[in-house]
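Below is the file my_file_24.cif, which contains mmCIF, C-alpha atoms.
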data_model
loop_
_atom_site.label_atom_id
_atom_site.label_comp_id
_atom_site.auth_asym_id
_atom_site.auth_seq_id
_atom_site.Cartn_x
_atom_site.Cartn_y
_atom_site.Cartn_z
CA MET L 56 -6.96 -14.07 16.63
CA GLU L 57 -3.37 -14.80 17.49
CA PRO L 58 -0.40 -14.65 15.10
CA ARG L 59 0.93 -18.03 14.04
CA ILE L 60 4.53 -16.89 14.47
CA ASP L 61 6.47 -13.79 15.47
CA LEU L 62 8.70 -13.13 12.48
CA PHE L 63 10.90 -10.86 14.62
CA ALA L 64 11.72 -13.78 16.94
CA SER L 65 13.94 -15.50 14.34
CA PRO L 66 17.19 -14.10 12.98
CA THR L 67 16.68 -14.49 9.23
CA PRO L 68 13.15 -13.06 9.05
CA THR L 69 14.26 -10.22 11.35
CA GLN L 70 17.10 -9.33 8.97
CA VAL L 71 14.74 -9.39 5.99
CA LEU L 72 12.09 -7.29 7.73
CA LYS L 73 14.63 -4.68 8.85
CA ARG L 74 15.88 -4.37 5.27
CA PHE L 75 12.28 -4.17 4.10
CA ALA L 76 11.61 -1.32 6.56
CA ASN L 77 14.75 0.49 5.42
CA ALA L 78 13.71 0.17 1.77
CA ALA L 79 10.37 1.72 2.70
CA LEU L 80 12.20 4.81 3.97
CA ALA L 81 13.04 5.73 0.38
CA LEU L 82 9.33 5.76 -0.45
CA GLU L 83 8.76 8.22 2.41
CA ARG L 84 11.14 10.65 0.68
CA SER L 85 9.34 10.50 -2.65
CA THR L 86 7.34 13.38 -4.11
CA LEU L 87 4.14 11.34 -3.89
CA PRO L 88 1.97 12.74 -1.10
CA LYS L 89 1.92 10.63 2.06
CA THR L 90 -1.88 10.64 2.03
CA LEU L 91 -1.90 9.12 -1.46
CA ARG L 92 0.66 6.49 -0.48
CA GLU L 93 -1.42 5.56 2.56
CA LEU L 94 -4.66 5.32 0.57
CA LEU L 95 -2.99 3.05 -1.97
CA GLN L 96 -1.58 0.82 0.75
CA LEU L 97 -4.99 0.76 2.44
CA ARG L 98 -6.55 -0.40 -0.82
CA VAL L 99 -4.04 -3.24 -1.16
CA GLY L 100 -4.73 -4.27 2.42
CA GLN L 101 -8.45 -4.34 1.66
CA ILE L 102 -8.01 -6.40 -1.50
CA ASN L 103 -5.69 -8.91 0.17
CA GLY L 104 -7.70 -9.15 3.39
CA CYS L 105 -4.90 -7.95 5.65
CA GLY L 106 -6.39 -6.70 8.92
CA LEU L 107 -3.08 -5.31 10.16
CA CYS L 108 -2.52 -3.34 6.93
CA VAL L 109 -6.07 -1.99 6.85
CA ASP L 110 -5.69 -0.92 10.48
CA ALA L 111 -2.24 0.60 9.99
CA HIS L 112 -2.87 2.47 6.75
CA THR L 113 -6.26 3.79 7.86
CA LYS L 114 -4.60 5.27 10.95
CA GLU L 115 -1.52 6.49 9.07
CA ALA L 116 -3.72 8.18 6.45
CA ALA L 117 -5.72 9.93 9.17
CA ALA L 118 -2.53 10.97 10.97
CA ALA L 119 -1.22 12.41 7.68
CA GLY L 120 -4.36 14.56 7.36
CA GLU L 121 -6.54 12.43 5.10
CA THR L 122 -10.27 12.96 5.61
CA PRO L 123 -12.52 10.27 7.08
CA VAL L 124 -14.75 10.41 3.99
CA ARG L 125 -11.91 9.65 1.56
CA ILE L 126 -10.53 6.93 3.83
CA SER L 127 -13.97 5.33 3.99
CA LEU L 128 -14.56 5.59 0.25
CA VAL L 129 -11.23 4.20 -0.96
CA ALA L 130 -12.81 0.72 -1.16
CA ALA L 131 -15.42 2.14 -3.55
CA TRP L 132 -13.26 4.71 -5.32
CA ARG L 133 -14.73 3.98 -8.76
CA GLU L 134 -18.19 4.88 -7.45
CA SER L 135 -17.03 7.99 -5.60
CA THR L 136 -16.50 11.62 -6.53
CA VAL L 137 -13.90 12.50 -3.90
CA PHE L 138 -10.78 11.36 -5.78
CA THR L 139 -8.89 13.34 -8.42
CA ALA L 140 -8.09 11.97 -11.86
CA ALA L 141 -4.46 11.44 -10.74
CA GLU L 142 -5.56 9.55 -7.62
CA ARG L 143 -7.97 7.44 -9.66
CA ALA L 144 -5.14 6.54 -12.06
CA ALA L 145 -2.94 5.53 -9.11
CA LEU L 146 -5.76 3.50 -7.55
CA ALA L 147 -6.38 1.68 -10.85
CA LEU L 148 -2.65 0.92 -11.17
CA THR L 149 -2.63 -0.29 -7.57
CA GLU L 150 -5.58 -2.62 -8.10
CA GLU L 151 -4.27 -4.10 -11.33
CA GLY L 152 -0.77 -4.44 -9.84
CA THR L 153 -2.28 -6.26 -6.86
CA ARG L 154 -4.62 -8.51 -8.80
CA LEU L 155 -2.04 -9.79 -11.27
CA GLY L 156 -3.38 -13.34 -11.01
CA ASP L 157 -6.93 -12.19 -11.68
CA GLU L 158 -6.13 -10.32 -14.87
CA ARG L 159 -4.94 -11.84 -18.10
CA HIS L 160 -3.00 -8.73 -18.98
CA GLY L 161 -1.36 -7.81 -15.68
CA VAL L 162 -1.41 -4.02 -15.75
CA SER L 163 -3.18 -2.91 -18.91
CA ASP L 164 -1.68 -0.42 -21.34
CA GLU L 165 -4.74 1.76 -20.73
CA THR L 166 -4.16 1.86 -16.97
CA TRP L 167 -0.44 2.52 -17.44
CA ALA L 168 -1.16 5.34 -19.90
CA ALA L 169 -3.60 6.94 -17.45
CA ALA L 170 -0.98 6.86 -14.71
CA ARG L 171 1.65 8.19 -17.15
CA GLU L 172 -0.56 11.27 -17.75
CA HIS L 173 -0.26 12.27 -14.09
CA TYR L 174 3.07 10.98 -12.83
CA ASP L 175 6.68 11.40 -13.97
CA ASP L 176 9.18 8.53 -14.22
CA ASP L 177 10.32 8.82 -10.61
CA GLN L 178 6.76 8.90 -9.33
CA LEU L 179 5.72 5.96 -11.53
CA GLY L 180 8.71 3.99 -10.34
CA THR L 181 7.78 4.89 -6.77
CA LEU L 182 4.22 3.68 -7.38
CA VAL L 183 5.52 0.37 -8.75
CA CYS L 184 7.82 -0.11 -5.74
CA LEU L 185 5.11 0.92 -3.27
CA ILE L 186 2.56 -1.47 -4.79
CA ALA L 187 5.04 -4.35 -4.84
CA MET L 188 6.20 -3.74 -1.27
CA ILE L 189 2.74 -3.42 0.26
CA ASN L 190 1.67 -6.56 -1.55
CA ALA L 191 4.62 -8.39 -0.02
CA ALA L 192 3.76 -7.01 3.42
CA THR L 193 0.08 -7.96 3.17
CA ARG L 194 0.97 -11.46 2.10
CA MET L 195 3.36 -11.94 5.02
CA ASN L 196 0.78 -10.62 7.48
CA VAL L 197 -2.02 -12.77 6.08
CA MET L 198 0.15 -15.91 6.09
CA VAL L 199 1.11 -15.49 9.74
CA ARG L 200 -2.31 -14.06 10.72
CA ASN L 201 -1.13 -10.76 12.17
CA PRO L 202 -4.37 -9.14 13.39
CA GLY L 203 -5.50 -5.57 13.00
CA GLY L 204 -6.73 -3.36 15.79
CA SER L 205 -3.75 -2.29 17.87
CA TYR L 206 -1.53 -0.43 15.40
CA GLN L 207 -0.21 2.96 16.54
CA PRO L 208 0.66 5.59 13.89
CA GLY L 209 4.40 5.94 13.41
CA THR L 210 5.21 2.33 14.28
CA PHE L 211 6.32 1.43 10.74
CA ALA L 212 8.47 4.54 10.41
CA ALA L 213 10.23 3.72 13.66
CA ALA L 214 11.07 0.22 12.40
CA GLY L 215 13.46 1.52 9.73
CA SER L 216 16.85 3.03 10.36
CA GLU L 217 19.58 4.26 8.11
#

Write-out of the structure in structure tokens:
Amino acid sequence: MEPRIDLFASPTPTQVLKRFANAALALERSTLPKTLRELLQLRVGQINGCGLCVDAHTKEAAAAGETPVRISLVAAWRESTVFTAAERAALALTEEGTRLGDERHGVSDETWAAAREHYDDDQLGTLVCLIAMINAATRMNVMVRNPGGSYQPGTFAAAGSE
């Protein structure tokens, strides 16, 4: 599988992607644990069929200290016992926020209320931004067919600069 285009080879996409990477730096400074952020991004990559994102966020989660069992079970989190109530609320919000076109209600009041029980306003806002940004990233990667398999942990962090 070869990418259809290198987005970094053209000036406008390069500018957008650099700004995108810089925006992601703010998420790195949030109070949400890195392992949780990586699991949520992994789940979006799985849902959207993004090989690069599944590769990257699996490796980033492992590098951040996430266990192989939890990484493996994120795709079946509803049928697993290894996630806390707070993580389950974040995973539900992530799935509903990703599958907006599949749901008639977008993110349900029930799902929002469950997330509200575990996260403060800053953390909820961070979850919303994280979910929106990873969905944008997965869509770009799927459209241009960026393959998974060769990602090295830390690559995304190195792409942003202040």

Next item on the list: Could you list the residues chosen by the PyMOL selection byres ((chain L and resi 182) around 12) in this structure as a PyMOL selection string?
Entry: chain L and resi 79+81-83+85-89+91-93+95-96+142+144-150+152-153+167+170-171+173-181+183-189

Mind checking which residues fall within 7 Å of Gly106 in chain L, counting all atoms listed in the file, ignoring those fewer than 4 positions away in the same chain, and posting them as a JSON list (two decimals) with C-alpha atoms, keeping the file's coordinate frame?
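Final output, out-v5.json:
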[["chain", "number", "residue", "atom", "x", "y", "z"],
["L", 110, "ASP", "CA", -5.69, -0.92, 10.48],
["L", 202, "PRO", "CA", -4.37, -9.14, 13.39],
["L", 203, "GLY", "CA", -5.50, -5.57, 13.00]]

Check: So which one's closest to Pro208 in chain L, L:Val99, L:Cys108, L:Met56, L:Ala141? Using only C-alpha atoms, please.
Finding: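 The answer is L:Cys108, which sits nearest to Pro208 in chain L.
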
Next item on the list: Starting from the displayed file, determine the output of the PyMOL selection byres ((chain L and resi 75) around 12) and express the residue list as JSON, numbers by chain.
Entry: {"L": [68, 69, 70, 71, 72, 73, 74, 76, 77, 78, 79, 80, 81, 82, 184, 185, 187, 188, 189, 191, 192, 195, 211, 212, 214, 215, 216, 217]}

Checklist line | CA of Lys114 in chain L to CA of Phe138 in chain L, distance in Å rounded to a single decimal | finding: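 These two atoms are separated by 18.8 Å.
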
Checklist line | Atom pair CA of Glu134 in chain L / CA of Arg98 in chain L: separation (Å) | finding: 14.4 Å

Margin query: Between CA of Asn196 in chain L and CA of Ala119 in chain L, what is the distance in Å, rounded to a tenth?
Written below: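 These atoms are spaced 23.1 Å apart.
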
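Nearest residue to Val129 in chain L among L:Thr90, L:Thr166, L:Ser65, L:Thr210 is L:Thr90, counting all atoms listed in the file.
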
Margin query: On this structure, the PyMOL selection byres ((chain L and resi 128) around 12) would catch which residues? List them as number ranges by chain, sorted by chain and number.
Written below: L: 94, 97-98, 101, 113, 121-127, 129-138, 146

Notebook entry, point to check: Which residues come within 10 Å of Arg194 in chain L, counting only C-alpha atoms, excluding same-chain residues fewer than 6 positions away, as a list in words?
Noted result: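 My reading of the contact set: Gly100, Asn103, Gly104, Cys105, Met188 and Arg200 of chain L.
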